[in-house]
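J.: Encoded as structure tokens, here's the structure I'll be asking about.
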Amino acid sequence: MMEGLAGRAPRLTTDLTALEAAAGRVMAPEAFAYVSGTAGSGATGRAGRAAFEALRLVPRMLRGTRRADTSVTLFGQRLPVPVLLAPLAAQQVAHPEGESATVRAAAATGVPMVLSTFASRTLEEVAEAAGGHPRWFQLYLPSDRAVGASLVRRAEASGYGAIVVTVDATHLGFRPAELDSGYSPFLRGTGIANFTSDPVFRAGLPADADATQAVLRWAQISTDPTLTWEDLAWLRGLTRLPLLVKGILHPDDARLALEHGADGVVVSTHGGRQLDGSVSALESLPAVRAAVGSDVPVLMDSGIRTGSDVLKAVALGADAVLYGRPYVYGLGLDGGRGVEHVLRCLLTDLALALALTGCASLADVGPHVLANGDLR
Ligand code: FMN
């Protein structure tokens, strides 16, 4: 970030609105529509941003902090920042290297990656590209449970540090931008690599199955609208890895997740891609935190764009956040270098936001950093 002061402009803009617009100019129109799209009227996507913008931080002065400590410990693992990359499917729509480029950028910045079940690279390929860098595996539990169990076993064998089971997309949201373009990366075979490489999935196909048959089988079994909390308990029995449930918005669902074996929850609207007109994740966060108590890890996503947003989420009870679309725009613009650029911007911005609110570390962040109309 000193380069700007040295008179060198960055290759990519540091302004996220401009970055999204630039990605829209270079990515294939249908790919950009897939990544940027939201459900229905877009109300949930807008509410996600509005919730952050409605909160105000109160700057504090002369605390003598040279550089704030942004580290956090989750499941016994120390992370340099309270940020992980959100699982975003089918990243080859943005760049041919897809998730392999993303994870290398994640490793360069110290930010762990949560890899989607519907990644365009296999979880083993991404593990190799990651080296020893920490990463978690996001699971959509397939209706063919044997395939689900196989995915979990492979994630364990490849060194993924947690399973994040996503529960808010057992029915896919109504997404006009995707519907109107008539485009699905998956139906073109992008985003099903973890299935076509899976021995249990392949055993369910005829020996001479072609790519179309694999896609059709994937479409039949890859998700399950009949899932219940008992299935979560079953999943709990499969693995000793930390288990998080992603897509929680009601405090009772957070309690149910813990009762059925979860170790943590992710408060999320799926980036506004599921229920149109939903409560925002940030609005739900304090109630979810209160429901699970202070010791259970609570993460959140949907609408995080700046360092101040991360701070606001932490102030309302999040231990860490998942960062979504902007890094895929970086990937579309400049591959792994673009992802790294976007992450470095966020991390610099977060360190500054901490310092400017007078916090020496994340432990100092609480509701008091937010203006509540009473500054006495
Ligand atoms: N969430 C999952 O749990 N699994 C996925 O495979 C997945 N794929 C996504 C693909 C795209 C293109 C987008 C935009 C989101 C996806 N999500 C998925 C949701 C993200 O993990 C995250 O909740 C969301 O992007 C956060 O919102 P934001 O990007 O506006 O910050």
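In the structure tokens, the first chain shown is A, the next is B, and so on; residue numbers restart at 1 for each chain, and ligands run from 1 in the order shown.
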Find the residues around segment 231-236 of chain A up to 6 Å (only C-alpha atoms counted), leave out those fewer than 3 positions away in its own chain, and share them as a JSON list (two decimals) with N, CA, C and O atoms, in the first residue's frame.

T.:
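Resulting contents of around-v1.json:
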```json
[["chain", "number", "residue", "atom", "x", "y", "z"],
["A", 228, "THR", "N", -33.04, -32.81, 7.14],
["A", 228, "THR", "CA", -33.56, -32.37, 8.45],
["A", 228, "THR", "C", -32.38, -32.28, 9.42],
["A", 228, "THR", "O", -31.26, -32.70, 9.10],
["A", 239, "THR", "N", -17.49, -37.53, 11.31],
["A", 239, "THR", "CA", -16.18, -36.85, 11.31],
["A", 239, "THR", "C", -15.87, -36.24, 12.66],
["A", 239, "THR", "O", -16.78, -35.80, 13.37],
["A", 260, "HIS", "N", -27.69, -30.59, 17.54],
["A", 260, "HIS", "CA", -27.46, -31.72, 16.64],
["A", 260, "HIS", "C", -25.99, -31.89, 16.29],
["A", 260, "HIS", "O", -25.66, -32.53, 15.30],
["A", 261, "GLY", "N", -25.13, -31.28, 17.07],
["A", 261, "GLY", "CA", -23.72, -31.63, 16.97],
["A", 261, "GLY", "C", -22.80, -30.59, 16.34],
["A", 261, "GLY", "O", -21.61, -30.84, 16.22]]
```

J.: All residues within 9 Å of ligand 1 are required, counting only C-alpha atoms and all ligand atoms; please report them as a ChimeraX atom specification.

T.: /A:31-38,45,48-49,85-91,114-119,138-140,164-169,191,246-247,266-273,300-305,322-328

J.: Could you jot down the atom CA of Val298 of chain A to atom CA of Gly264 of chain A separation for me, Å, one decimal place?

T.: 5.8 Å

J.: Could you give me, as number ranges by chain, the residues within 9 Å of Leu84 of chain A, counting only C-alpha atoms and dropping anything in the same chain fewer than 6 positions from it?

T.: A: 106, 111-114, 135, 320-323

J.: Those same residues - C-alpha atoms - I'd like them written as a compact mmCIF listing (two decimals), in the first residue's frame.

T.:
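Saved the output as part.txt:
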```txt
# COMPACT_ATOMS: atom_id res chain seq x y z
CA ALA A 106 -5.12 -16.99 0.07
CA VAL A 111 -6.33 -15.94 4.80
CA PRO A 112 -7.79 -19.47 5.00
CA MET A 113 -10.08 -20.59 2.19
CA VAL A 114 -13.38 -22.42 2.49
CA ARG A 135 -8.45 -24.49 4.40
CA ALA A 320 -14.69 -13.93 12.03
CA VAL A 321 -16.26 -13.21 8.64
CA LEU A 322 -16.34 -14.86 5.25
CA TYR A 323 -15.38 -12.65 2.32
```

J.: Would you mind writing down, as a PyMOL selection string, each residue of segment 29-161 of chain A that DSSP on the backbone assigns to strand (DSSP E)?

T.: chain A and resi 72-74+77-79+83-85+113-115+135-139

J.: As number ranges by chain, please: all residues of segment 48-94 of chain A that backbone DSSP puts in helix (DSSP H, G or I).

T.: A: 48-54, 91-93

J.: Please write the residues from the selection above to a file, keeping N, CA and C atoms, as a PDB file, in the first residue's frame.

T.:
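Printed below is out-v2.pdb as written:
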```pdb
ATOM      1  N   GLY A  48     -28.413  -6.464   2.869  1.00  0.00           N
ATOM      2  CA  GLY A  48     -27.119  -6.879   3.433  1.00  0.00           C
ATOM      3  C   GLY A  48     -26.166  -5.701   3.512  1.00  0.00           C
ATOM      4  N   ARG A  49     -26.103  -4.918   2.440  1.00  0.00           N
ATOM      5  CA  ARG A  49     -25.230  -3.736   2.454  1.00  0.00           C
ATOM      6  C   ARG A  49     -25.809  -2.641   3.354  1.00  0.00           C
ATOM      7  N   ALA A  50     -27.120  -2.433   3.264  1.00  0.00           N
ATOM      8  CA  ALA A  50     -27.747  -1.337   4.029  1.00  0.00           C
ATOM      9  C   ALA A  50     -27.512  -1.536   5.526  1.00  0.00           C
ATOM     10  N   ALA A  51     -27.529  -2.782   5.979  1.00  0.00           N
ATOM     11  CA  ALA A  51     -27.341  -3.043   7.414  1.00  0.00           C
ATOM     12  C   ALA A  51     -25.959  -2.565   7.863  1.00  0.00           C
ATOM     13  N   PHE A  52     -24.947  -2.819   7.024  1.00  0.00           N
ATOM     14  CA  PHE A  52     -23.605  -2.332   7.384  1.00  0.00           C
ATOM     15  C   PHE A  52     -23.548  -0.809   7.336  1.00  0.00           C
ATOM     16  N   GLU A  53     -24.160  -0.254   6.292  1.00  0.00           N
ATOM     17  CA  GLU A  53     -24.046   1.197   6.115  1.00  0.00           C
ATOM     18  C   GLU A  53     -24.810   1.960   7.192  1.00  0.00           C
ATOM     19  N   ALA A  54     -25.807   1.333   7.786  1.00  0.00           N
ATOM     20  CA  ALA A  54     -26.603   2.012   8.816  1.00  0.00           C
ATOM     21  C   ALA A  54     -25.836   2.129  10.137  1.00  0.00           C
ATOM     22  N   GLN A  91     -15.387 -21.553  -9.732  1.00  0.00           N
ATOM     23  CA  GLN A  91     -14.598 -20.337  -9.980  1.00  0.00           C
ATOM     24  C   GLN A  91     -13.900 -20.302 -11.330  1.00  0.00           C
ATOM     25  N   GLN A  92     -13.948 -21.421 -12.059  1.00  0.00           N
ATOM     26  CA  GLN A  92     -13.405 -21.363 -13.424  1.00  0.00           C
ATOM     27  C   GLN A  92     -14.247 -20.466 -14.328  1.00  0.00           C
ATOM     28  N   VAL A  93     -15.436 -20.097 -13.894  1.00  0.00           N
ATOM     29  CA  VAL A  93     -16.188 -19.144 -14.722  1.00  0.00           C
ATOM     30  C   VAL A  93     -15.469 -17.796 -14.748  1.00  0.00           C
TER      31      VAL A  93
END
```

J.: Counting only C-alpha atoms, figure out which residue out of A:Gly277, A:Gly76, A:Gly148, A:Gly366 gets nearest to Ala162 of chain A.

T.: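 Under the stated criterion, the closest residue is A:Gly76.
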
J.: List the neighbours of Ala351 of chain A out to 9 Å using only C-alpha atoms; skip same-chain residues closer than 6 positions along the sequence, and give me the result as a list in words.

T.: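 Skipping anything fewer than 6 positions along the chain leaves Arg67, Ala68, Asp69, Thr70 and Gly307 of chain A.
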
J.: May I have the residues from that selection written out with C-alpha atoms, as a PDB file, in the first residue's frame?

T.:
```pdb
ATOM      1  CA  ARG A  67      -0.264  -1.501  14.353  1.00  0.00           C
ATOM      2  CA  ALA A  68      -3.320  -3.241  15.736  1.00  0.00           C
ATOM      3  CA  ASP A  69      -3.233  -7.019  16.339  1.00  0.00           C
ATOM      4  CA  THR A  70      -5.826  -8.532  13.994  1.00  0.00           C
ATOM      5  CA  GLY A 307     -12.351  -3.307   6.895  1.00  0.00           C
TER       6      GLY A 307
END
```

J.: Restricting the calculation to only C-alpha atoms: of A:Ala101, A:Leu316, A:Ala203, A:Ala155, which residue gets closest to Arg337 of chain A?

T.: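 Closest residue, counting only C-alpha atoms: A:Ala101.
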